[in-house]
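Novice: I'd like to ask you about the structure that follows.
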Amino acid sequence: MSKHAHKTASGRWRLVLAGATAVSALLVPSLAAAAAQPVLPPVIPGAPGVPGWAAAAFKPASELGILRATPDKGPAGTKFTLSGNGLPANKEVSIVWATTNVTWILDARPDSVDYIGRKGEPVNVVLAKRTTDASGAFSLELRAPRDFGGAPHDIYAVIDGVQYAKGGFMIERKITLSPRSGPIGTPITVKITGLGASLYGSSGNIYYDGRYTGVITAVWNRGEAEVQIRAAGPVGKRTILVGGGMQFNYLNIAQSPVPWATSAQFTFTVTEDAGPPPARVDWPVSVKPTIEAKTTLAAATPAGGAGTATAQLSATSGAVLSKVDVSATGLTANEPVELVWATVVGNRVNCTGTCWAFASIPLGKATAAADGSVKSTVTVPDGLGGWHAVQLLQGGKIKAQVPYFVKRSVVHVPKTVKAGTEFEVHLKGVGWTQLDNTVAVTYDNGYVGYGCGFNSDGDVVLKLVATGGTGTHLIDIYPLLYTYQPAYPYPPHGMIPVLSFARDFPGLALGYELPAFRLAITVVE
Amino acid sequence: MKHLITVLGVALVAGVLAASAAAQAPAPDKLFPGDEAVGLATGAPAAPAAAETIAEDKPFPGTVGDVFLYVDIVNSPRPKAAAPRPKSCTQLSSFKRGERPVLRIWGVEAGTGEVLSPENVKYAYVKIPGLPNVKLNWGPHGSGTARSYFWTAGWDIAVDYPLGVLPFKVVFKTESGKFGIYTQDGLPTENRLTILP
């Protein structure tokens, strides 16, 4: 295959490419328009579901009474008594809980995935049913469901489709942090319940000794989040603030319309510097994707080829340079087979037009056996991360293809760095969509910047500076939601470390496996 | 961010109202610095603003009405059971229990173009679940050139009043038998008057 690039007047390299073999099959309209869609949430292990069954539509009575909830606020799980009177006597009353279903919005196009934001839809669910007594009263014990917090949940007493009385319960935010002491590198778990459904009040954030670490969201977890950071030095008492606000701390949130979005402050005692903790990779939870169209795979739907063959890979994900066995059946017997890697080339920087396009990389050649089968081993190219496809072509037409996800990997981090000097952390397999083209980097839990992998074909060399004095220092690399180009109106949580990536990241719906890398260096004089 | 109030309430209701304004008038509010006590006043109403041409526009949320209302809500400077906010008379849609919301209403009878005032209003009140109707009072607010007349009704949110959206209803009946009713129906839930702990 051959690549042809040209440089625009602005100096940026523009696309590019003309794959010799598979081009006809791969070229589809780049940046093809597609509608942004709320994503069907995947099932997150352990996440609460909608707290009741869907309520039938109802209308308010001309005289609306009130329901008493006692207590009427507390964290999820709080027991409370709900009572009402003045209702129709001896009638079944549905206790309807007003809540919201929230999800991420993505524009999953053939050549990329754009992050648009989040969306909530009000929904009423039935928590319980009771029968009013002869005087039209009722009372029952309830437990505040595991649900979004903040804005009070309206509670209705509905009889025969009419809302006769209304009350409310506020699920308060609860924040815990553990452990409270340990050496540098100790994993610190922050748990939050009661994050809100609407944008403001829906997220938290962490500040470590006043340094911003990242954002915590709970879109697909009905307000519940669990994240980890690591204890950074120096030895002594460190202050950890779990703040309110949308992505940064909202310093006067008590004066806002969401005063319930409270924060909590903790002290963590760093007991010692016992040297760098072992490097670690934290992967997200394993979920079943809800969106099957995965970028290039969807783009390369066999148009010319009949798609008569079927193919399998020995693994569906791995790092660059992984060896993968390919097997296929249904090919034209005794004919040559080309194995091709479907990817893209380009970048987003200062881009206003067509900035990338599909590319195909030869993986090898084989010949189909007399029964139409083929077996081969291919090497995942040292290129972009994210979703790709291994394609099998005969006569220039795609006969079969299989998706493959290239995982991010760390190829180099120095062990020792002289104080005040620059050093490099080298990554591979960074992707190109707005879900995976960028990583966010913290140094001792302070957000120091991001790195993109699109222009450099998945290869990212992060330039960092050894600060903070001698001793152990932590480098954590998190997933990030890219929101620059193309930019959309008000996508929240963009360009910052997503600390809650493991359980609440829109890419989970498309099968993206984006980890956090937990690294460390020793700074010396 | 929430929209704070909005609105143009419109009424097409005739004969639906069961209750009349029978509530006790609340203590007068002082809505602006230098305010005189607010109550039913006999002074001449402010002249209606010159009508604008909005031929193609549809009023929110309905299409045709006998009476048009503008409704907003501000915080009283003197809540009885909550700490006063640093700034009062600010348009808000969420209030803590113990605070005192004050509805401010301007109205026009569509057929005549007359500003709603005690001269042409038979009764006016706010209906709040679980409470007696709260009477709307007409009077002057502000001072100097900023002085104007409008309707107000305030109430102290009980410290045990239910949390959440408060579905209040504003009701006007004119001497000519026209009704003007405003509810928050049609507003997103998060934009409605909401009671917080």
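Each chain in the structure tokens gets a letter, A, B and so on, in the order shown; residues start at 1 in every chain, and ligands are counted from 1 in the order they appear.
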Could you list, as a JSON list (two decimals) with C-alpha atoms, in the first residue's frame, the residues of chain A having an atom within 8 Å of chain B when counting only C-alpha atoms?

Specialist:
[["chain", "number", "residue", "atom", "x", "y", "z"],
["A", 63, "GLU", "CA", -57.54, 19.56, 45.19],
["A", 64, "LEU", "CA", -54.03, 18.29, 45.73],
["A", 65, "GLY", "CA", -53.15, 17.12, 49.22],
["A", 66, "ILE", "CA", -49.78, 16.51, 50.74],
["A", 67, "LEU", "CA", -47.90, 13.37, 51.74],
["A", 68, "ARG", "CA", -45.68, 13.29, 54.79],
["A", 69, "ALA", "CA", -42.34, 11.52, 54.59],
["A", 72, "ASP", "CA", -37.79, 13.19, 54.34],
["A", 73, "LYS", "CA", -34.08, 13.22, 53.63],
["A", 151, "ALA", "CA", -33.07, 17.42, 43.88],
["A", 152, "PRO", "CA", -35.90, 15.95, 45.94],
["A", 153, "HIS", "CA", -37.74, 13.07, 44.39],
["A", 154, "ASP", "CA", -41.42, 13.89, 44.16],
["A", 166, "LYS", "CA", -47.78, 14.81, 46.81],
["A", 167, "GLY", "CA", -44.70, 14.61, 48.98],
["A", 168, "GLY", "CA", -41.00, 14.33, 48.50],
["A", 169, "PHE", "CA", -37.77, 12.71, 49.67],
["A", 170, "MET", "CA", -34.24, 13.95, 49.16],
["A", 200, "TYR", "CA", -25.17, 20.38, 37.94],
["A", 257, "PRO", "CA", -29.91, 26.10, 42.64]]

Novice: Which residue is closest to Ile159 (chain A)? Choose from A:Ala279, A:Ala55, A:Val406, A:Ile240 and count only C-alpha atoms.

Specialist: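 When distances to Ile159 (chain A) are compared using only C-alpha atoms, the smallest one comes from A:Ala55.
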
Novice: Which one is closest to His493 (chain A): A:Lys428, A:Gly236, A:Val215, A:Thr186? Count only C-alpha atoms.

Specialist: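 For His493 (chain A), the nearest of the candidates is A:Val215.
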
Novice: Can you measure CA of Asn120 (chain B) to CA of Val102 (chain B) for me? One decimal in Å is fine.

Specialist: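 Straight-line distance from CA of Asn120 (chain B) to CA of Val102 (chain B) works out to 22.5 Å.
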
Novice: DSSP says strand (DSSP E) for which residues of region 145-194 of chain B? Put them as a list of chain:residue names?

Specialist: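 Strand (DSSP E) members of region 145-194 of chain B, listed: B:Ser148, B:Tyr149, B:Phe150, B:Trp151, B:Thr152, B:Ala153, B:Gly154, B:Gly164, B:Val165, B:Lys169, B:Val170, B:Val171, B:Phe172, B:Lys173, B:Thr174, B:Phe179, B:Gly180, B:Ile181, B:Tyr182, B:Thr183, B:Thr194.
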
Novice: Write the selection just made, keeping N, CA and C atoms, as an mmCIF file, in the first residue's frame?

Specialist:
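This is the output file result_11.cif:
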data_model
loop_
_atom_site.group_PDB
_atom_site.id
_atom_site.type_symbol
_atom_site.label_atom_id
_atom_site.label_comp_id
_atom_site.auth_asym_id
_atom_site.auth_seq_id
_atom_site.Cartn_x
_atom_site.Cartn_y
_atom_site.Cartn_z
ATOM 1 N N SER B 148 -43.543 50.963 41.071
ATOM 2 C CA SER B 148 -44.598 50.423 40.204
ATOM 3 C C SER B 148 -45.569 49.619 41.042
ATOM 4 N N TYR B 149 -46.711 49.344 40.436
ATOM 5 C CA TYR B 149 -47.765 48.602 41.116
ATOM 6 C C TYR B 149 -47.849 47.194 40.546
ATOM 7 N N PHE B 150 -47.979 46.249 41.423
ATOM 8 C CA PHE B 150 -48.231 44.879 40.970
ATOM 9 C C PHE B 150 -48.812 44.069 42.120
ATOM 10 N N TRP B 151 -49.150 42.823 41.805
ATOM 11 C CA TRP B 151 -49.766 41.927 42.777
ATOM 12 C C TRP B 151 -48.679 41.092 43.461
ATOM 13 N N THR B 152 -48.867 40.863 44.726
ATOM 14 C CA THR B 152 -47.911 40.022 45.449
ATOM 15 C C THR B 152 -48.638 39.085 46.413
ATOM 16 N N ALA B 153 -47.995 37.973 46.662
ATOM 17 C CA ALA B 153 -48.458 37.060 47.712
ATOM 18 C C ALA B 153 -47.237 36.315 48.236
ATOM 19 N N GLY B 154 -47.052 36.348 49.513
ATOM 20 C CA GLY B 154 -45.938 35.621 50.100
ATOM 21 C C GLY B 154 -46.438 34.676 51.172
ATOM 22 N N GLY B 164 -39.640 18.988 47.416
ATOM 23 C CA GLY B 164 -39.873 18.743 45.997
ATOM 24 C C GLY B 164 -40.621 19.875 45.319
ATOM 25 N N VAL B 165 -41.090 19.560 44.125
ATOM 26 C CA VAL B 165 -41.803 20.567 43.340
ATOM 27 C C VAL B 165 -43.087 20.972 44.051
ATOM 28 N N LYS B 169 -50.925 27.247 42.140
ATOM 29 C CA LYS B 169 -51.800 27.738 41.075
ATOM 30 C C LYS B 169 -52.194 29.178 41.410
ATOM 31 N N VAL B 170 -52.082 30.048 40.451
ATOM 32 C CA VAL B 170 -52.499 31.441 40.618
ATOM 33 C C VAL B 170 -53.859 31.611 39.947
ATOM 34 N N VAL B 171 -54.784 32.208 40.663
ATOM 35 C CA VAL B 171 -56.143 32.364 40.133
ATOM 36 C C VAL B 171 -56.566 33.831 40.215
ATOM 37 N N PHE B 172 -56.987 34.364 39.119
ATOM 38 C CA PHE B 172 -57.593 35.700 39.063
ATOM 39 C C PHE B 172 -59.006 35.566 38.502
ATOM 40 N N LYS B 173 -59.941 36.327 39.059
ATOM 41 C CA LYS B 173 -61.234 36.473 38.415
ATOM 42 C C LYS B 173 -61.524 37.957 38.300
ATOM 43 N N THR B 174 -61.890 38.377 37.123
ATOM 44 C CA THR B 174 -62.137 39.795 36.912
ATOM 45 C C THR B 174 -63.603 40.117 37.208
ATOM 46 N N PHE B 179 -61.465 34.638 33.771
ATOM 47 C CA PHE B 179 -60.507 33.987 34.656
ATOM 48 C C PHE B 179 -59.102 34.024 34.067
ATOM 49 N N GLY B 180 -58.168 34.179 34.939
ATOM 50 C CA GLY B 180 -56.765 34.028 34.565
ATOM 51 C C GLY B 180 -56.125 33.051 35.526
ATOM 52 N N ILE B 181 -55.563 31.987 34.993
ATOM 53 C CA ILE B 181 -54.974 30.960 35.857
ATOM 54 C C ILE B 181 -53.555 30.678 35.380
ATOM 55 N N TYR B 182 -52.655 30.631 36.324
ATOM 56 C CA TYR B 182 -51.284 30.269 35.988
ATOM 57 C C TYR B 182 -50.868 29.048 36.796
ATOM 58 N N THR B 183 -50.353 28.054 36.114
ATOM 59 C CA THR B 183 -49.692 26.933 36.771
ATOM 60 C C THR B 183 -48.333 26.740 36.115
ATOM 61 N N THR B 194 -39.383 24.746 43.696
ATOM 62 C CA THR B 194 -38.980 23.522 44.388
ATOM 63 C C THR B 194 -38.620 23.836 45.827
#

Novice: For region 311-315 of chain A, list every protein, DNA or RNA residue within 7 Å, evaluated using only C-alpha atoms, and leave out those in the same chain fewer than 3 positions away; present the list as a list in words.

Specialist: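 Using only C-alpha atoms, the neighbours found are Val324, Asp325, Val326, Ser327, Ala328, Thr329, Ala400, Gln401 and Val402 of chain A.
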
Novice: Since we have the selection now, will you write its residues out, keeping C-alpha atoms, as a PDB file, in the first residue's frame?

Specialist:
ATOM      1  CA  VAL A 324      -3.410 -13.144  16.644  1.00  0.00           C
ATOM      2  CA  ASP A 325      -4.500 -16.325  14.920  1.00  0.00           C
ATOM      3  CA  VAL A 326      -6.973 -15.839  12.107  1.00  0.00           C
ATOM      4  CA  SER A 327      -9.158 -18.581  10.731  1.00  0.00           C
ATOM      5  CA  ALA A 328     -11.855 -18.400   8.114  1.00  0.00           C
ATOM      6  CA  THR A 329     -14.167 -20.567   6.118  1.00  0.00           C
ATOM      7  CA  ALA A 400     -14.959 -11.514   5.870  1.00  0.00           C
ATOM      8  CA  GLN A 401     -13.907  -9.248   8.668  1.00  0.00           C
ATOM      9  CA  VAL A 402     -13.576  -9.418  12.418  1.00  0.00           C
TER      10      VAL A 402
END

Novice: Would you work out the distance separating CA of Asp185 (chain B) from CA of Val134 (chain B), expressed in Å to one decimal?

Specialist: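 Between these atoms lies a distance of 19.8 Å.
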
Novice: Quick one: of A:Lys288, A:Arg222, A:His426, A:His473, who's nearest to Gly511 (chain A), counting only C-alpha atoms?

Specialist: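 Counting only C-alpha atoms, the residue closest to Gly511 (chain A) is A:Lys288.
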